Every structure is written in C-alpha cells, then in structure tokens.
Amino acid sequence: MSLKGKVAIVTGGNSGIGMSITLELAQQGANVVIDYVAHPEATEALEQKIAALGDQAIGVDADVSKVADLQKLVDAAVQKFGRVDIMVNNAGVETRTSVLDTTEAQYEKVLEINLKSAFFGTQLAALQMIKQGGGGRIINITSVHEDWPMPGNTAYCLSKGGMRMLTRTAGVELATHNILVVGVGPGAVATPINLSTMKDPALMKHLDAAIPLGRMAKPEEIASVVAFLAGDGASYMTATTVFADGGMMHSSPGL
C-alpha cells in the first residue's frame, strides 16, 4: 500500500488517534497538514518525525469548530502541496454528562467540535476535490457510540450518531465525483481521552472483560485502518462505517 504523492489533512492531528493517523499516512508516503489547537511543540516534533521519513508535513493552528479555520486548513494544503486528496475528520471531545445534566455550553462544545467540524470539513474538502478533479477520500473518525448507547455521555453519542448519517448521506451525494466517504468506528483506545479509565484497575478489568479481544486498541491499530481506507484497496467502499472495536459492540449491552 502506498499513498505516495497524496496530500492529507488530519484534524486533531497532533495527539491521540490523530497523531497515529498522521504518522501512518506519512509512513505510507503522504504529505500531511496537521491541525492543532494546543501543544505546538508536539506538532513540531511530529513534523520532524515525518521529515525523517522523507515526506513533508505542516502544522496549522486551527479551531475546527469554526468554518473559517477549516477553510484555512484546506487553503494551507493547496498552497503548500497543491491539492487535497484525503480529509480525516478526527478532532473530538466529550463531557461525560447525561441528558439530565449536560449544560448548553457543554452541548455546543461537543457538537461543534465533533459534528459541525466533520460536516464542514467534508464540505470544504469535497469542494476542493471537485475543483482539482480526480476524486478523493473523506474519512470520519466516529465511534462505536455512533450506534451503541453510552449512558452518561449523551452529547458525545449524539455527535457520533450525526457523523454516522453524515458519512452515509455524503457518501451517496459525492459518489458521482468519485469522492468516497467512510467512517472508522473505534471502540476503547489507549489514548489520553481514556486516561481516567486506564488509571483505575477496577474500571480496566470491567472494560477488558467487555471486549472479546480482551484489551483496548492501540492508536496505531486505528491508524492502519484509516490508511487502508485512504488507499487503492478500499476503492469500492463508501457511505459506511468500518468498526475497529475488538468485537465490543456484539458482546455487551453498553458501557
């Protein structure tokens, strides 16, 4: 598999799953625009790692909850590399609050970063792909919770459910332009967003027992799925979600 000469944008690309996706795409030969809103030093270190692979990367400080900043990412890719071939809508947050106690501010933050950014990231990337020709790939990092309830994390589940239908509808709409839209639905992944769980042995025991493979995923395991979907081997896949959850969705009523 090779993505040599392809240009990718990864939102939330300097930490967690996003960092692994950025590195994996670069290892496959892609040039990458790394979106970030914090820790510029992590972005600089990532750029250096990618340069050592023989590829190029640029970091762009952009708040993906703002459409103008999403446009800034697309513009940066075109200015630096000439085109956009792969858009990975990865940025995401959660509040771990229920339908009864989620505030308006918490709701807006989750929906704007998770769902609004994916919608307009899809739109702006697709417009650029159509303008340049040749099709493209839009990959939305969703979650098992696009389909699987998680009581106590309602706004997050709502945002991921919205991404599910964005993926399906945009995939159908954009098919005539050869722009494929696919979701990747991770289960539990060993990243900073799950740090509180990872620090609690009792919670980890409960979580591992709910996963048929008996462990959380490594971020690189999610990244490898994204890289596959960005490549030629996934040329007939669109308007669907690929779950990488260790079998979790089919073994437990919810977490």
# chains A, B, ... in the order shown; residues from 1 in each chain; ligands from 1

$ select_by_dssp --residues "region 52-144 of chain A" --states "helix (DSSP H, G or I)" --output "NGL selection string"
:A and (52 or 67-81 or 104-132 or 144)

$ write_last_selection --atoms "N, CA and C atoms" --output "compact mmCIF listing (two decimals), in the first residue's frame"
# COMPACT_ATOMS: atom_id res chain seq x y z
N ALA A 52 11.86 13.04 8.65
CA ALA A 52 12.84 11.94 8.69
C ALA A 52 12.40 10.76 7.83
N VAL A 67 -15.77 27.45 10.76
CA VAL A 67 -15.69 27.13 9.34
C VAL A 67 -14.51 27.84 8.69
N ALA A 68 -14.26 29.07 9.09
CA ALA A 68 -13.14 29.82 8.52
C ALA A 68 -11.81 29.13 8.79
N ASP A 69 -11.68 28.51 9.95
CA ASP A 69 -10.43 27.80 10.28
C ASP A 69 -10.32 26.50 9.50
N LEU A 70 -11.44 25.84 9.25
CA LEU A 70 -11.41 24.66 8.38
C LEU A 70 -10.98 25.04 6.97
N GLN A 71 -11.47 26.18 6.50
CA GLN A 71 -11.03 26.65 5.18
C GLN A 71 -9.54 26.95 5.19
N LYS A 72 -9.04 27.45 6.32
CA LYS A 72 -7.61 27.73 6.45
C LYS A 72 -6.79 26.45 6.27
N LEU A 73 -7.29 25.32 6.78
CA LEU A 73 -6.59 24.05 6.61
C LEU A 73 -6.54 23.64 5.14
N VAL A 74 -7.67 23.76 4.46
CA VAL A 74 -7.71 23.41 3.04
C VAL A 74 -6.79 24.34 2.24
N ASP A 75 -6.86 25.62 2.53
CA ASP A 75 -6.02 26.59 1.82
C ASP A 75 -4.54 26.30 2.05
N ALA A 76 -4.19 25.93 3.29
CA ALA A 76 -2.78 25.63 3.60
C ALA A 76 -2.30 24.42 2.81
N ALA A 77 -3.15 23.40 2.70
CA ALA A 77 -2.79 22.20 1.93
C ALA A 77 -2.56 22.54 0.47
N VAL A 78 -3.44 23.34 -0.10
CA VAL A 78 -3.33 23.69 -1.51
C VAL A 78 -2.12 24.59 -1.75
N GLN A 79 -1.90 25.52 -0.85
CA GLN A 79 -0.77 26.43 -1.01
C GLN A 79 0.56 25.69 -0.91
N LYS A 80 0.66 24.76 0.04
CA LYS A 80 1.92 24.06 0.27
C LYS A 80 2.12 22.89 -0.68
N PHE A 81 1.05 22.11 -0.91
CA PHE A 81 1.20 20.85 -1.64
C PHE A 81 0.41 20.78 -2.96
N GLU A 104 -25.85 23.83 28.25
CA GLU A 104 -25.87 24.32 26.87
C GLU A 104 -24.44 24.48 26.35
N ALA A 105 -23.56 25.00 27.19
CA ALA A 105 -22.17 25.21 26.77
C ALA A 105 -21.49 23.88 26.46
N GLN A 106 -21.73 22.86 27.29
CA GLN A 106 -21.14 21.55 27.04
C GLN A 106 -21.68 20.94 25.75
N TYR A 107 -22.98 21.05 25.56
CA TYR A 107 -23.61 20.53 24.34
C TYR A 107 -23.01 21.19 23.10
N GLU A 108 -22.93 22.51 23.12
CA GLU A 108 -22.42 23.23 21.95
C GLU A 108 -20.97 22.88 21.67
N LYS A 109 -20.16 22.74 22.71
CA LYS A 109 -18.75 22.41 22.51
C LYS A 109 -18.60 21.05 21.82
N VAL A 110 -19.31 20.05 22.32
CA VAL A 110 -19.19 18.70 21.76
C VAL A 110 -19.72 18.66 20.33
N LEU A 111 -20.88 19.24 20.10
CA LEU A 111 -21.46 19.18 18.75
C LEU A 111 -20.67 20.00 17.74
N GLU A 112 -20.12 21.12 18.17
CA GLU A 112 -19.35 21.96 17.23
C GLU A 112 -18.02 21.31 16.85
N ILE A 113 -17.33 20.75 17.84
CA ILE A 113 -16.02 20.15 17.55
C ILE A 113 -16.18 18.80 16.86
N ASN A 114 -17.13 18.01 17.29
CA ASN A 114 -17.27 16.66 16.74
C ASN A 114 -18.04 16.62 15.43
N LEU A 115 -19.21 17.24 15.40
CA LEU A 115 -20.12 17.08 14.26
C LEU A 115 -20.05 18.24 13.27
N LYS A 116 -20.13 19.46 13.77
CA LYS A 116 -20.05 20.61 12.86
C LYS A 116 -18.74 20.60 12.08
N SER A 117 -17.64 20.29 12.76
CA SER A 117 -16.34 20.29 12.07
C SER A 117 -16.29 19.19 11.01
N ALA A 118 -16.90 18.04 11.29
CA ALA A 118 -16.91 16.96 10.30
C ALA A 118 -17.77 17.33 9.10
N PHE A 119 -18.90 17.98 9.36
CA PHE A 119 -19.79 18.38 8.27
C PHE A 119 -19.08 19.37 7.34
N PHE A 120 -18.57 20.44 7.91
CA PHE A 120 -17.96 21.47 7.06
C PHE A 120 -16.57 21.06 6.57
N GLY A 121 -15.88 20.20 7.33
CA GLY A 121 -14.64 19.63 6.83
C GLY A 121 -14.89 18.80 5.59
N THR A 122 -15.97 18.01 5.63
CA THR A 122 -16.37 17.23 4.47
C THR A 122 -16.73 18.14 3.30
N GLN A 123 -17.53 19.16 3.57
CA GLN A 123 -17.96 20.07 2.51
C GLN A 123 -16.78 20.76 1.84
N LEU A 124 -15.91 21.36 2.64
CA LEU A 124 -14.81 22.15 2.08
C LEU A 124 -13.79 21.28 1.37
N ALA A 125 -13.51 20.11 1.93
CA ALA A 125 -12.59 19.19 1.25
C ALA A 125 -13.18 18.70 -0.06
N ALA A 126 -14.47 18.39 -0.05
CA ALA A 126 -15.13 17.91 -1.27
C ALA A 126 -15.12 18.98 -2.36
N LEU A 127 -15.37 20.22 -1.99
CA LEU A 127 -15.36 21.30 -2.97
C LEU A 127 -13.97 21.42 -3.62
N GLN A 128 -12.93 21.28 -2.80
CA GLN A 128 -11.57 21.34 -3.35
C GLN A 128 -11.28 20.13 -4.23
N MET A 129 -11.72 18.95 -3.81
CA MET A 129 -11.50 17.74 -4.60
C MET A 129 -12.21 17.83 -5.95
N ILE A 130 -13.41 18.36 -5.96
CA ILE A 130 -14.15 18.53 -7.21
C ILE A 130 -13.44 19.54 -8.11
N LYS A 131 -12.98 20.62 -7.52
CA LYS A 131 -12.28 21.67 -8.28
C LYS A 131 -11.03 21.13 -8.96
N GLN A 132 -10.26 20.32 -8.24
CA GLN A 132 -8.99 19.83 -8.79
C GLN A 132 -9.18 18.58 -9.66
N VAL A 144 -17.81 3.49 18.24
CA VAL A 144 -18.88 2.50 18.40
C VAL A 144 -20.17 3.19 18.87

$ select_by_dssp --residues "region 92-176 of chain A" --states "strand (DSSP E)" --output "PyMOL selection string"
chain A and resi 136-141

$ atom_distance --atom1 "CA of Gly187 (chain A)" --atom2 "CA of Asp63 (chain A)"
25.4 Å

$ residues_around --residues "region 11-15 of chain A" --least-positions-apart "4" --cutoff "6 Å" --atoms "only C-alpha atoms" --output "JSON, numbers by chain"
{"A": [19, 34, 35, 36, 43, 89, 90, 91]}

$ write_last_selection --atoms "C-alpha atoms" --output "short mmCIF file (atom, residue, chain, number, x, y, z; two decimals), in the first residue's frame"
data_model
loop_
_atom_site.label_atom_id
_atom_site.label_comp_id
_atom_site.auth_asym_id
_atom_site.auth_seq_id
_atom_site.Cartn_x
_atom_site.Cartn_y
_atom_site.Cartn_z
CA MET A 19 -1.16 11.63 15.87
CA ILE A 34 -1.59 18.64 10.86
CA ASP A 35 -4.40 20.56 12.54
CA TYR A 36 -3.90 21.50 16.18
CA THR A 43 3.22 19.40 16.29
CA ASN A 89 -12.19 14.43 10.31
CA ASN A 90 -10.72 13.18 13.57
CA ALA A 91 -10.99 16.00 16.13
#

$ atom_distance --atom1 "CA of Ile139 (chain A)" --atom2 "CA of Gly29 (chain A)"
17.5 Å

$ residues_around --residues "Leu166 (chain A)" --least-positions-apart "3" --cutoff "10 Å" --atoms "only C-alpha atoms" --output "number ranges by chain"
A: 115, 118-119, 122, 140, 160-163, 169-172, 181-183, 239-240

$ write_last_selection --atoms "C-alpha atoms" --output "tab-separated table (two decimals), in the first residue's frame"
chain	number	residue	atom	x	y	z
A	115	LEU	CA	-20.12	17.08	14.26
A	118	ALA	CA	-16.91	16.96	10.30
A	119	PHE	CA	-19.79	18.38	8.27
A	122	THR	CA	-16.37	17.23	4.47
A	140	ASN	CA	-14.68	10.38	9.55
A	160	LYS	CA	-21.22	10.40	16.69
A	161	GLY	CA	-24.69	9.34	15.57
A	162	GLY	CA	-24.78	12.51	13.47
A	163	MET	CA	-21.42	11.59	11.95
A	169	THR	CA	-25.52	10.72	3.10
A	170	ALA	CA	-22.38	12.50	1.93
A	171	GLY	CA	-21.05	9.20	0.60
A	172	VAL	CA	-24.12	8.85	-1.61
A	181	VAL	CA	-16.77	8.89	2.42
A	182	VAL	CA	-16.18	6.24	5.07
A	183	GLY	CA	-16.35	6.24	8.85
A	239	ALA	CA	-21.23	5.55	2.75
A	240	THR	CA	-20.48	3.07	5.54

$ closest_residue --among "A:Glu41, A:Asp85, A:Asp61, A:Glu146" --to "Ala230 (chain A)" --atoms "only C-alpha atoms"
A:Asp85

$ closest_atom_pairs --of "region 118-194 of chain A" --to "region 200-205 of chain A" --cutoff "12 Å" --atoms "only C-alpha atoms" --output "JSON lines"
{"residue": "A:Ala188", "atom": "CA", "partner": "A:Met204", "partner_atom": "CA", "distance": 10.4}
{"residue": "A:Val189", "atom": "CA", "partner": "A:Met204", "partner_atom": "CA", "distance": 11.7}
{"residue": "A:Ala190", "atom": "CA", "partner": "A:Met204", "partner_atom": "CA", "distance": 10.9}
{"residue": "A:Asn194", "atom": "CA", "partner": "A:Met204", "partner_atom": "CA", "distance": 10.2}

$ closest_residue --among "A:Ile222, A:Ile17, A:Ala209, A:Met237" --to "Ala175 (chain A)" --atoms "only C-alpha atoms"
A:Met237

$ residues_around --residues "Gly214 (chain A)" --least-positions-apart "3" --cutoff "12 Å" --atoms "only C-alpha atoms" --output "ChimeraX atom specification"
/A:188,204-211,217,245-248,251

$ residues_around --residues "Gly231 (chain A)" --least-positions-apart "5" --cutoff "9 Å" --atoms "only C-alpha atoms" --output "ChimeraX atom specification"
/A:1-3,137,226

$ write_last_selection --atoms "C-alpha atoms" --output "JSON list (two decimals), in the first residue's frame"
[["chain", "number", "residue", "atom", "x", "y", "z"],
["A", 1, "MET", "CA", 0.00, 0.00, 0.00],
["A", 2, "SER", "CA", 1.34, 3.41, -0.94],
["A", 3, "LEU", "CA", -0.05, 6.93, -0.63],
["A", 137, "ARG", "CA", -11.26, 10.19, 0.30],
["A", 226, "VAL", "CA", -7.55, 4.74, 8.15]]
